[in-house]
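> Here you go, this is my_file.csv (CSV, C-alpha atoms).
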chain,number,residue,atom,x,y,z
F,26,MET,CA,0.0,0.0,0.0
F,27,ASP,CA,1.4,3.4,-1.0
F,28,ALA,CA,1.8,6.0,1.7
F,29,LEU,CA,-0.8,8.5,0.5
F,30,ALA,CA,-3.3,5.7,-0.4
F,31,GLY,CA,-2.9,4.1,3.0
F,32,LEU,CA,-3.3,7.3,5.0
F,33,LEU,CA,-6.1,8.7,2.9
F,34,GLU,CA,-8.1,5.5,2.5
F,35,GLY,CA,-9.8,5.7,5.9
F,36,PRO,CA,-11.0,9.3,6.2
F,37,ARG,CA,-12.5,9.6,2.7
F,38,ALA,CA,-14.8,12.5,2.1
F,39,ARG,CA,-18.3,11.7,3.3
F,40,GLY,CA,-20.9,14.4,2.7
F,41,ALA,CA,-18.2,17.0,2.2
F,42,PHE,CA,-19.2,20.6,1.7
F,43,MET,CA,-18.5,21.6,-1.9
F,44,ILE,CA,-19.5,24.8,-3.7
F,45,ARG,CA,-18.7,27.0,-6.7
F,46,ALA,CA,-18.1,30.5,-5.3
F,47,CYS,CA,-18.5,33.4,-7.8
F,48,PHE,CA,-17.6,37.0,-7.0
F,49,ASP,CA,-17.2,40.5,-8.5
F,50,PRO,CA,-14.6,42.8,-6.9
F,51,PRO,CA,-14.4,44.0,-4.3
F,52,TRP,CA,-15.1,40.8,-2.4
F,53,ALA,CA,-13.8,39.1,0.7
F,54,VAL,CA,-15.0,36.2,2.9
F,55,ARG,CA,-13.7,35.3,6.3
F,56,VAL,CA,-13.6,31.5,7.0
F,57,GLU,CA,-14.0,30.5,10.6
F,58,ASP,CA,-15.5,27.0,10.1
F,59,ARG,CA,-12.6,25.1,11.9
F,60,ALA,CA,-12.7,22.5,9.1
F,61,PRO,CA,-9.7,20.1,9.2
F,62,LEU,CA,-9.0,20.5,5.5
F,63,THR,CA,-10.2,22.8,2.7
F,64,VAL,CA,-9.3,22.8,-0.9
F,65,MET,CA,-9.6,25.9,-3.1
F,66,LEU,CA,-9.2,25.6,-6.9
F,67,MET,CA,-9.1,29.0,-8.7
F,68,VAL,CA,-11.0,28.5,-12.0
F,69,ARG,CA,-11.2,32.1,-13.2
F,70,GLY,CA,-9.7,35.3,-12.0
F,71,GLY,CA,-7.5,35.6,-8.9
F,72,ALA,CA,-7.7,35.7,-5.2
F,73,TRP,CA,-5.6,36.3,-2.0
F,74,ILE,CA,-5.7,34.0,1.0
F,75,VAL,CA,-4.8,35.9,4.1
F,76,PRO,CA,-4.4,33.9,7.4
F,77,ASP,CA,-4.5,35.6,10.7
F,78,THR,CA,-0.9,34.5,11.2
F,79,GLY,CA,1.6,33.6,8.6
F,80,GLU,CA,2.2,34.7,5.0
F,81,ARG,CA,-0.6,35.6,2.6
F,82,LEU,CA,-1.0,33.6,-0.6
F,83,ARG,CA,-1.8,34.7,-4.1
F,84,LEU,CA,-3.9,32.4,-6.3
F,85,ARG,CA,-4.2,32.8,-10.1
F,86,ALA,CA,-6.4,30.8,-12.5
F,87,GLY,CA,-5.5,27.1,-12.4
F,88,ASP,CA,-3.8,27.4,-9.0
F,89,LEU,CA,-4.8,25.3,-6.0
F,90,ALA,CA,-4.5,26.0,-2.3
F,91,ILE,CA,-5.1,23.7,0.7
F,92,ALA,CA,-5.8,25.1,4.1
F,93,ARG,CA,-5.3,22.9,7.1
F,94,GLY,CA,-7.6,23.9,10.0
F,95,PRO,CA,-8.7,25.0,12.4
F,96,ASP,CA,-7.1,28.4,12.1
F,97,PRO,CA,-9.2,31.1,10.4
F,98,TYR,CA,-8.3,33.0,7.2
F,99,VAL,CA,-9.8,35.5,4.7
F,100,CYS,CA,-10.2,34.8,1.0
F,101,ALA,CA,-10.5,38.0,-1.0
F,102,ASP,CA,-9.8,39.8,-4.3
F,103,ASP,CA,-7.3,42.0,-2.5
F,104,PRO,CA,-5.6,41.7,1.0
F,105,GLY,CA,-7.1,45.1,2.0
F,106,THR,CA,-10.7,44.3,1.2
F,107,ALA,CA,-12.9,44.0,4.3
F,108,PRO,CA,-14.9,40.7,4.7
F,109,GLN,CA,-18.5,40.9,3.6
F,110,ALA,CA,-19.4,37.5,4.9
F,111,VAL,CA,-18.2,35.0,7.5
F,112,ILE,CA,-18.3,31.2,7.1
F,113,LEU,CA,-19.0,29.4,10.4
F,114,PRO,CA,-18.9,25.7,11.4
F,115,GLY,CA,-21.5,23.5,9.7
F,116,GLY,CA,-21.7,25.7,6.6
F,117,ALA,CA,-23.6,28.5,8.4
F,118,CYS,CA,-23.0,32.0,7.0
F,119,SER,CA,-23.4,35.4,8.5
F,120,TYR,CA,-22.6,39.1,8.0
F,121,PRO,CA,-19.5,40.3,9.9
F,122,ASP,CA,-21.7,41.8,12.6
F,123,GLY,CA,-23.2,38.4,13.3
F,124,ARG,CA,-26.5,38.7,11.4
F,125,PRO,CA,-27.4,35.6,9.4
F,126,LEU,CA,-27.2,35.8,5.7
F,127,ASN,CA,-30.3,33.7,5.3
F,128,GLY,CA,-29.5,32.5,1.8
F,129,SER,CA,-29.1,36.0,0.3
F,130,MET,CA,-25.9,34.9,-1.6
F,131,ASP,CA,-27.3,31.6,-2.9
F,132,LEU,CA,-27.1,31.4,-6.6
F,133,GLY,CA,-28.5,27.9,-7.3
F,134,VAL,CA,-27.3,24.4,-6.8
F,135,ARG,CA,-24.0,24.5,-4.9
F,136,THR,CA,-23.3,28.0,-6.2
F,137,TRP,CA,-22.8,31.0,-3.9
F,138,GLY,CA,-21.7,34.6,-4.2
F,139,ASP,CA,-22.5,37.7,-6.2
F,140,ARG,CA,-23.5,36.4,-9.6
F,141,ALA,CA,-23.0,33.0,-11.3
F,142,ASP,CA,-20.8,34.5,-14.0
F,143,GLY,CA,-18.6,36.5,-11.6
F,144,GLU,CA,-15.1,37.7,-12.5
F,145,ALA,CA,-13.7,35.3,-9.9
F,146,VAL,CA,-14.7,31.7,-9.7
F,147,LEU,CA,-13.4,29.2,-7.1
F,148,LEU,CA,-14.3,25.6,-6.5
F,149,ILE,CA,-14.2,24.9,-2.8
F,150,GLY,CA,-14.2,21.5,-1.2
F,151,THR,CA,-14.2,21.1,2.6
F,152,TYR,CA,-13.7,18.0,4.7
F,153,LEU,CA,-15.9,18.4,7.7
F,154,VAL,CA,-14.4,15.7,10.0
F,155,ARG,CA,-10.8,14.9,10.9
F,156,GLY,CA,-10.3,11.2,10.5
F,157,GLU,CA,-7.7,9.7,12.8
F,158,ILE,CA,-5.8,8.0,10.0
F,159,GLY,CA,-5.5,11.2,8.1
F,160,GLY,CA,-4.2,12.9,11.3
F,161,ARG,CA,-0.6,11.6,10.5
F,162,LEU,CA,-0.9,13.2,7.1
F,163,LEU,CA,-2.6,16.4,8.1
F,164,ASP,CA,-0.1,17.1,10.9
F,165,ALA,CA,2.7,16.9,8.2
F,166,LEU,CA,1.1,19.7,6.2
F,167,PRO,CA,1.7,23.4,6.6
F,168,PRO,CA,-1.3,25.5,7.6
F,169,LEU,CA,-1.5,26.8,4.1
F,170,LEU,CA,0.0,25.4,0.9
F,171,SER,CA,-0.4,26.1,-2.8
F,172,LEU,CA,0.4,24.6,-6.2
F,173,THR,CA,0.6,26.8,-9.3
F,174,SER,CA,-1.0,25.6,-12.5
F,175,GLN,CA,2.6,25.0,-13.9
F,176,ALA,CA,3.5,22.8,-10.9
F,177,TRP,CA,0.9,20.0,-11.5
F,178,ASP,CA,-1.2,18.6,-14.3
F,179,ASN,CA,-4.9,18.8,-13.2
F,180,PRO,CA,-7.4,17.2,-15.5
F,181,LEU,CA,-10.2,17.4,-12.9
F,182,THR,CA,-11.3,21.0,-13.2
F,183,PRO,CA,-13.7,20.7,-16.1
F,184,LEU,CA,-15.3,17.6,-14.6
F,185,LEU,CA,-15.6,19.3,-11.2
F,186,MET,CA,-17.2,22.4,-12.8
F,187,THR,CA,-19.7,20.1,-14.5
F,188,GLU,CA,-20.6,18.0,-11.5
F,189,VAL,CA,-20.7,20.5,-8.7
F,190,THR,CA,-23.9,22.1,-10.0
F,191,ARG,CA,-25.7,18.9,-10.9
F,192,ASP,CA,-28.6,17.9,-8.7
F,193,GLU,CA,-29.1,14.1,-9.3
F,194,PRO,CA,-29.4,11.1,-7.1
F,195,GLY,CA,-26.1,10.1,-5.6
F,196,GLN,CA,-24.5,13.4,-6.5
F,197,GLU,CA,-22.9,13.9,-3.1
F,198,VAL,CA,-21.1,10.6,-3.4
F,199,VAL,CA,-19.8,11.6,-6.9
F,200,LEU,CA,-18.5,14.9,-5.5
F,201,ASP,CA,-16.9,13.2,-2.5
F,202,ARG,CA,-14.9,10.9,-4.7
F,203,LEU,CA,-13.9,13.7,-7.0
F,204,LEU,CA,-12.7,15.7,-4.0
F,205,ASP,CA,-10.7,12.7,-2.8
F,206,LEU,CA,-9.0,12.4,-6.2
F,207,LEU,CA,-8.2,16.1,-6.3
F,208,VAL,CA,-6.6,16.0,-2.8
F,209,ILE,CA,-4.6,12.9,-3.6
F,210,ALA,CA,-3.3,14.4,-6.9
F,211,ALA,CA,-2.5,17.7,-5.2
F,212,LEU,CA,-0.6,16.1,-2.3
F,213,ARG,CA,1.3,13.8,-4.6
F,214,ALA,CA,2.5,16.8,-6.5
F,215,TRP,CA,3.2,18.7,-3.3
F,216,PHE,CA,5.4,16.0,-1.8
F,217,ALA,CA,7.2,15.4,-5.2
F,218,ARG,CA,8.6,18.9,-5.3
F,219,PRO,CA,12.4,19.1,-5.1
F,220,SER,CA,12.0,21.5,-2.1
F,221,ALA,CA,9.3,19.5,-0.4
F,222,GLU,CA,9.7,18.9,3.4
F,223,ALA,CA,7.9,15.6,3.4
F,224,PRO,CA,7.1,14.0,6.8
F,225,ALA,CA,9.6,11.4,8.2
F,226,TRP,CA,7.3,8.4,7.5
F,227,TYR,CA,6.9,9.5,3.9
F,228,ARG,CA,10.7,9.9,3.3
F,229,ALA,CA,11.3,6.6,5.1
F,230,LEU,CA,9.2,4.8,2.5
F,231,GLY,CA,12.1,5.4,0.1
F,232,ASP,CA,14.6,3.5,2.3
F,233,PRO,CA,15.0,-0.1,1.1
F,234,VAL,CA,14.9,-1.5,4.6
F,235,VAL,CA,12.6,0.8,6.6
F,236,GLY,CA,10.3,1.3,3.6
F,237,ARG,CA,9.7,-2.4,3.4
F,238,ALA,CA,9.0,-2.6,7.2
F,239,LEU,CA,6.6,0.3,7.0
F,240,ARG,CA,4.6,-1.3,4.1
F,241,LEU,CA,4.4,-4.6,6.0
F,242,LEU,CA,3.0,-2.9,9.0
F,243,GLN,CA,0.5,-0.8,7.0
F,244,ASP,CA,-0.6,-3.7,4.8
F,245,ASP,CA,-1.2,-6.2,7.6
F,246,PRO,CA,-1.5,-4.5,11.0
F,247,ALA,CA,-3.4,-7.5,12.4
F,248,HIS,CA,-0.3,-9.8,12.0
F,249,PRO,CA,1.5,-10.5,15.4
F,250,TRP,CA,4.6,-8.5,14.4
F,251,THR,CA,7.7,-8.3,16.5
F,252,VAL,CA,10.9,-6.4,15.8
F,253,ALA,CA,12.5,-9.7,15.1
F,254,SER,CA,9.9,-10.8,12.5
F,255,LEU,CA,10.0,-7.4,10.8
F,256,ALA,CA,13.8,-7.6,10.7
F,257,ALA,CA,13.7,-11.0,9.2
F,258,GLU,CA,11.3,-9.9,6.5
F,259,SER,CA,13.4,-6.8,5.8
F,260,GLY,CA,16.7,-8.7,5.6
F,261,VAL,CA,18.6,-7.1,8.5
F,262,SER,CA,19.3,-7.8,12.1
F,263,ARG,CA,16.8,-6.9,14.8
F,264,ALA,CA,19.2,-4.2,16.3
F,265,ALA,CA,19.9,-2.7,12.8
F,266,LEU,CA,16.2,-2.4,12.0
F,267,ALA,CA,15.2,-0.9,15.3
F,268,ARG,CA,18.0,1.7,15.1
F,269,ARG,CA,17.4,2.6,11.4
F,270,PHE,CA,13.6,2.7,11.8
F,271,THR,CA,13.7,5.0,14.8
F,272,ASP,CA,16.3,7.3,13.1
F,273,LEU,CA,14.2,7.6,9.9
F,274,VAL,CA,10.6,7.5,11.2
F,275,GLY,CA,11.1,9.2,14.6
F,276,GLU,CA,9.7,6.4,16.7
F,277,PRO,CA,10.5,2.6,17.1
F,278,PRO,CA,8.7,0.0,15.0
F,279,MET,CA,6.3,-1.2,17.7
F,280,GLY,CA,5.4,2.4,18.7
F,281,TYR,CA,4.5,3.1,15.1
F,282,LEU,CA,2.5,-0.1,14.8
F,283,THR,CA,0.5,0.8,18.0
F,284,GLY,CA,-0.3,4.2,16.6
F,285,TRP,CA,-1.3,2.8,13.3
F,286,ARG,CA,-3.5,0.0,14.8
F,287,LEU,CA,-5.3,2.5,17.1
F,288,ALA,CA,-5.8,5.0,14.2
F,289,LEU,CA,-7.4,2.2,12.2
F,290,ALA,CA,-9.6,1.2,15.2
F,291,ALA,CA,-10.7,4.8,15.7
F,292,ASP,CA,-11.7,5.1,12.0
F,293,ARG,CA,-13.7,1.8,12.2
F,294,LEU,CA,-15.4,2.9,15.4
F,295,ARG,CA,-16.8,6.0,13.6
F,296,ASP,CA,-17.4,4.5,10.2
F,297,SER,CA,-18.7,1.0,10.8
F,298,GLU,CA,-21.1,-0.9,13.1
F,299,ASP,CA,-18.6,-3.6,13.9
F,300,THR,CA,-18.4,-4.8,17.5
F,301,LEU,CA,-15.4,-3.8,19.5
F,302,GLY,CA,-14.3,-7.4,19.5
F,303,ALA,CA,-14.4,-7.6,15.7
F,304,ILE,CA,-12.5,-4.3,15.4
F,305,ALA,CA,-9.9,-5.6,17.8
F,306,ARG,CA,-9.3,-8.7,15.7
F,307,GLN,CA,-9.1,-6.5,12.5
F,308,VAL,CA,-6.3,-4.3,13.8
F,309,GLY,CA,-4.3,-6.9,15.8
F,310,TYR,CA,-5.6,-6.9,19.4
F,311,GLY,CA,-6.4,-10.2,21.0
F,312,SER,CA,-9.6,-9.0,22.7
F,313,ALA,CA,-11.9,-6.1,23.1
F,314,PHE,CA,-10.5,-5.5,26.5
F,315,ALA,CA,-7.0,-5.2,25.2
F,316,LEU,CA,-8.0,-2.8,22.5
F,317,SER,CA,-10.1,-0.7,25.0
F,318,THR,CA,-7.2,-0.5,27.4
F,319,ALA,CA,-4.8,0.7,24.7
F,320,PHE,CA,-7.3,3.0,23.2
F,321,LYS,CA,-8.1,4.8,26.4
F,322,ARG,CA,-4.4,5.1,27.3
F,323,ALA,CA,-3.8,6.8,23.9
F,324,TYR,CA,-7.0,8.9,23.4
F,325,GLY,CA,-8.1,9.5,27.0
F,326,ILE,CA,-11.6,8.1,26.4
F,327,SER,CA,-13.0,4.7,25.9
F,328,PRO,CA,-13.8,3.3,22.4
F,329,GLN,CA,-17.5,3.6,23.2
F,330,GLU,CA,-17.2,7.3,24.2
F,331,TYR,CA,-15.2,7.9,21.0
F,332,ARG,CA,-17.9,6.1,18.9
F,333,VAL,CA,-20.8,8.0,20.4
F,334,PRO,CA,-19.5,11.5,21.3
F,335,ALA,CA,-21.3,13.4,24.0
F,336,PRO,CA,-23.7,15.9,22.6
F,337,ALA,CA,-22.5,19.5,22.5
F,338,PRO,CA,-23.9,21.7,25.3
F,339,ALA,CA,-26.9,23.8,24.4
F,340,PRO,CA,-26.1,27.5,23.8
F,341,ALA,CA,-26.8,29.7,26.8
Could you rewrite the structure in this file as structure tokens?


Amino acid sequence: MDALAGLLEGPRARGAFMIRACFDPPWAVRVEDRAPLTVMLMVRGGAWIVPDTGERLRLRAGDLAIARGPDPYVCADDPGTAPQAVILPGGACSYPDGRPLNGSMDLGVRTWGDRADGEAVLLIGTYLVRGEIGGRLLDALPPLLSLTSQAWDNPLTPLLMTEVTRDEPGQEVVLDRLLDLLVIAALRAWFARPSAEAPAWYRALGDPVVGRALRLLQDDPAHPWTVASLAAESGVSRAALARRFTDLVGEPPMGYLTGWRLALAADRLRDSEDTLGAIARQVGYGSAFALSTAFKRAYGISPQEYRVPAPAPAPA
């Protein structure tokens, strides 16, 4: 299993928020939705993305940006333009003074802004939930990254433009899968850059010894792995694998395996109805009790509490 495929397989988009945003200058929108990941593809015109902290980013037609939450930012025609709307969690929209927009900027199916044929057009896709498997990947990304149209070959823009405004049965699933493809293609291009600062686990996959060990752990987490068995499969001594793995990945093999197993378990708790015992067997724990103990030690709550989160308190 390849690194991006393995780490993006679990938290695939499910009911992601996706719109075509169309504006005429001057325009600016402040984003405070705390979403874990938002993709912005500039289809026409240009825009600036201005985070509260960090460097602002210029987008031109064909460029793509990825914002890693939860920090807020402003998307505008010019860095000096004051926001006219605020995007809040759950897709709610308001004026900067807090009054609800009440659909005043709706322009049709998944289309929002000033006018449908505005000077600036962006496709925006937002993942609403942070999946635990994706956490290793998300944590490796900067708060804001961009790819110019010259840096990657993106054949998905025309298809996305066609599909985003369609209103047919199953359309949300189609858009979810297209968003996944867009993200995987973008991150592949991002990590392939000569200047890329890829995470340790990603770089380690290129090592002939540690890369093989990582793939074995990712492909078959339920196997009763030991450092000795991993070393035998990787063609080196136990001590050599332990030292090399820790140096390249930043944690020992069994520590990495524990984190991977628990991440898989967390994803299955949220996305399946499997019993805790079944999930334990799938990810390499001998019993539901063993998994529950390890899970609570790592996450601070029981698997049941993770699967059924406590309801948010009612507003005062």

> Ranking F:Leu113, F:Leu66, F:Ala257, F:Val134 by minimum distance to Leu153 (chain F) and counting all atoms listed in the file, which one comes first?

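For Leu153 (chain F), the nearest of the given residues is F:Leu113.
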
> Which residue, F:Leu287, F:Glu222, F:Gly40, F:Asp122, has the smallest gap to Pro246 (chain F) when you use only C-alpha atoms?

F:Leu287

> Between CA of Asp102 (chain F) and CA of Met43 (chain F), what distance in Å does the model show, to one decimal?

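So the answer is 20.3 Å.
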
> With only C-alpha atoms as the counted atoms, please give the residues lying no more than 12 Å from Val333 (chain F), apart from itself and same-chain residues fewer than 5 positions off, as a list in words.

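The residues that qualify are Ala291, Leu294, Arg295, Asp296, Glu298, Ile326, Ser327 and Pro328 of chain F.
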
> Leaving out Leu301 (chain F) and any residue of its chain fewer than 5 positions from it, which residues lie within 12 Å of it when counting only C-alpha atoms, given as a ChimeraX atom specification?

/F:290-291,293-295,306-308,310-318,320,327-329,331-332

> Of the residues F:Ala86, F:Ala110, F:Ala41, F:Ala117, which is the one nearest to Leu172 (chain F), using all atoms listed in the file?

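Counting all atoms listed in the file, the residue closest to Leu172 (chain F) is F:Ala86.
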
> Which of these residues is nearest to Glu197 (chain F), using only C-alpha atoms: F:Trp250, F:Arg135, F:Leu273, F:Arg55?

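Smallest separation from Glu197 (chain F) among the options: F:Arg135.
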
> Quick one: distance from CA of Gly280 (chain F) to CA of Phe216 (chain F) in Å, one decimal?

24.6 Å

> List the residues sitting within 9 Å of (-1.3, -4.9, 12.8) in the file's frame, using only C-alpha atoms, as a ChimeraX atom specification.

/F:241-250,282-283,285-286,307-310

> Quick one: residues within 10 Å of Thr151 (chain F), all atoms listed in the file, excluding same-chain residues fewer than 2 positions away - as a VMD selection string?

chain F and resid 38 40 to 44 58 60 to 65 91 to 92 116 149 153 to 154 201 204

> Write to file, as an mmCIF file, in the coordinates of the input, the residues of the selection just made, with C-alpha atoms.


data_model
loop_
_atom_site.group_PDB
_atom_site.id
_atom_site.type_symbol
_atom_site.label_atom_id
_atom_site.label_comp_id
_atom_site.auth_asym_id
_atom_site.auth_seq_id
_atom_site.Cartn_x
_atom_site.Cartn_y
_atom_site.Cartn_z
ATOM 1 C CA ALA F 38 -14.800 12.500 2.100
ATOM 2 C CA GLY F 40 -20.900 14.400 2.700
ATOM 3 C CA ALA F 41 -18.200 17.000 2.200
ATOM 4 C CA PHE F 42 -19.200 20.600 1.700
ATOM 5 C CA MET F 43 -18.500 21.600 -1.900
ATOM 6 C CA ILE F 44 -19.500 24.800 -3.700
ATOM 7 C CA ASP F 58 -15.500 27.000 10.100
ATOM 8 C CA ALA F 60 -12.700 22.500 9.100
ATOM 9 C CA PRO F 61 -9.700 20.100 9.200
ATOM 10 C CA LEU F 62 -9.000 20.500 5.500
ATOM 11 C CA THR F 63 -10.200 22.800 2.700
ATOM 12 C CA VAL F 64 -9.300 22.800 -0.900
ATOM 13 C CA MET F 65 -9.600 25.900 -3.100
ATOM 14 C CA ILE F 91 -5.100 23.700 0.700
ATOM 15 C CA ALA F 92 -5.800 25.100 4.100
ATOM 16 C CA GLY F 116 -21.700 25.700 6.600
ATOM 17 C CA ILE F 149 -14.200 24.900 -2.800
ATOM 18 C CA LEU F 153 -15.900 18.400 7.700
ATOM 19 C CA VAL F 154 -14.400 15.700 10.000
ATOM 20 C CA ASP F 201 -16.900 13.200 -2.500
ATOM 21 C CA LEU F 204 -12.700 15.700 -4.000
#

> To one decimal place in Å, what is the distance between CA of Ala214 (chain F) and CA of Asn179 (chain F)?

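Between these atoms lies a distance of 10.2 Å.
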
> So that I can check the surroundings of region 180-193 of chain F, please list as a count of residues only every protein, DNA and RNA residue that reaches within 8 Å of it, counting all atoms listed in the file and ignoring chain neighbours fewer than 3 positions away.

14

> With all atoms listed in the file as the counted atoms, please give the residues lying no more than 12 Å from Arg140 (chain F), apart from itself and same-chain residues fewer than 3 positions off, as a list in words.

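Contacts, in chain order: Arg45, Ala46, Cys47, Phe48, Asp49, Pro50, Trp52, Ser129, Met130, Asp131, Leu132, Gly133, Thr136, Trp137, Gly143, Glu144, Ala145 and Val146 of chain F.
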
> Only C-alpha atoms, please: the residues just picked out, written as a tab-separated table (two decimals), in the frame of the given file.


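File again-v8.tsv, as written:
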chain	number	residue	atom	x	y	z
F	45	ARG	CA	-18.70	27.00	-6.70
F	46	ALA	CA	-18.10	30.50	-5.30
F	47	CYS	CA	-18.50	33.40	-7.80
F	48	PHE	CA	-17.60	37.00	-7.00
F	49	ASP	CA	-17.20	40.50	-8.50
F	50	PRO	CA	-14.60	42.80	-6.90
F	52	TRP	CA	-15.10	40.80	-2.40
F	129	SER	CA	-29.10	36.00	0.30
F	130	MET	CA	-25.90	34.90	-1.60
F	131	ASP	CA	-27.30	31.60	-2.90
F	132	LEU	CA	-27.10	31.40	-6.60
F	133	GLY	CA	-28.50	27.90	-7.30
F	136	THR	CA	-23.30	28.00	-6.20
F	137	TRP	CA	-22.80	31.00	-3.90
F	143	GLY	CA	-18.60	36.50	-11.60
F	144	GLU	CA	-15.10	37.70	-12.50
F	145	ALA	CA	-13.70	35.30	-9.90
F	146	VAL	CA	-14.70	31.70	-9.70

> Save N, CA, C and O atoms of region 201-214 of chain F from the block above as a short mmCIF file (atom, residue, chain, number, x, y, z; two decimals), in the first residue's frame.


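Output contents, as saved in decode-v1.cif:
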data_model
loop_
_atom_site.label_atom_id
_atom_site.label_comp_id
_atom_site.auth_asym_id
_atom_site.auth_seq_id
_atom_site.Cartn_x
_atom_site.Cartn_y
_atom_site.Cartn_z
N ASP F 201 -17.87 13.67 -3.48
CA ASP F 201 -16.92 13.21 -2.47
C ASP F 201 -15.73 12.51 -3.11
O ASP F 201 -14.57 12.75 -2.76
N ARG F 202 -16.02 11.62 -4.06
CA ARG F 202 -14.93 10.88 -4.68
C ARG F 202 -14.05 11.81 -5.54
O ARG F 202 -12.83 11.64 -5.59
N LEU F 203 -14.66 12.77 -6.22
CA LEU F 203 -13.88 13.71 -7.00
C LEU F 203 -12.99 14.56 -6.11
O LEU F 203 -11.84 14.87 -6.45
N LEU F 204 -13.51 14.95 -4.96
CA LEU F 204 -12.70 15.72 -4.01
C LEU F 204 -11.53 14.89 -3.52
O LEU F 204 -10.39 15.39 -3.42
N ASP F 205 -11.76 13.62 -3.22
CA ASP F 205 -10.66 12.74 -2.81
C ASP F 205 -9.58 12.67 -3.89
O ASP F 205 -8.38 12.76 -3.59
N LEU F 206 -9.99 12.51 -5.13
CA LEU F 206 -9.03 12.44 -6.23
C LEU F 206 -8.22 13.73 -6.33
O LEU F 206 -7.01 13.72 -6.57
N LEU F 207 -8.92 14.85 -6.18
CA LEU F 207 -8.24 16.15 -6.26
C LEU F 207 -7.19 16.28 -5.16
O LEU F 207 -6.06 16.72 -5.40
N VAL F 208 -7.55 15.90 -3.94
CA VAL F 208 -6.62 16.01 -2.82
C VAL F 208 -5.42 15.09 -3.00
O VAL F 208 -4.27 15.49 -2.81
N ILE F 209 -5.66 13.84 -3.40
CA ILE F 209 -4.55 12.91 -3.58
C ILE F 209 -3.61 13.39 -4.68
O ILE F 209 -2.38 13.35 -4.53
N ALA F 210 -4.17 13.86 -5.79
CA ALA F 210 -3.33 14.37 -6.88
C ALA F 210 -2.52 15.58 -6.43
O ALA F 210 -1.32 15.71 -6.75
N ALA F 211 -3.15 16.47 -5.67
CA ALA F 211 -2.46 17.67 -5.21
C ALA F 211 -1.34 17.33 -4.23
O ALA F 211 -0.23 17.86 -4.33
N LEU F 212 -1.62 16.44 -3.27
CA LEU F 212 -0.60 16.11 -2.28
C LEU F 212 0.54 15.30 -2.90
O LEU F 212 1.69 15.44 -2.49
N ARG F 213 0.21 14.49 -3.86
CA ARG F 213 1.28 13.77 -4.57
C ARG F 213 2.23 14.77 -5.23
O ARG F 213 3.46 14.66 -5.14
N ALA F 214 1.66 15.78 -5.89
CA ALA F 214 2.48 16.81 -6.53
C ALA F 214 3.24 17.62 -5.49
O ALA F 214 4.41 17.99 -5.69
#
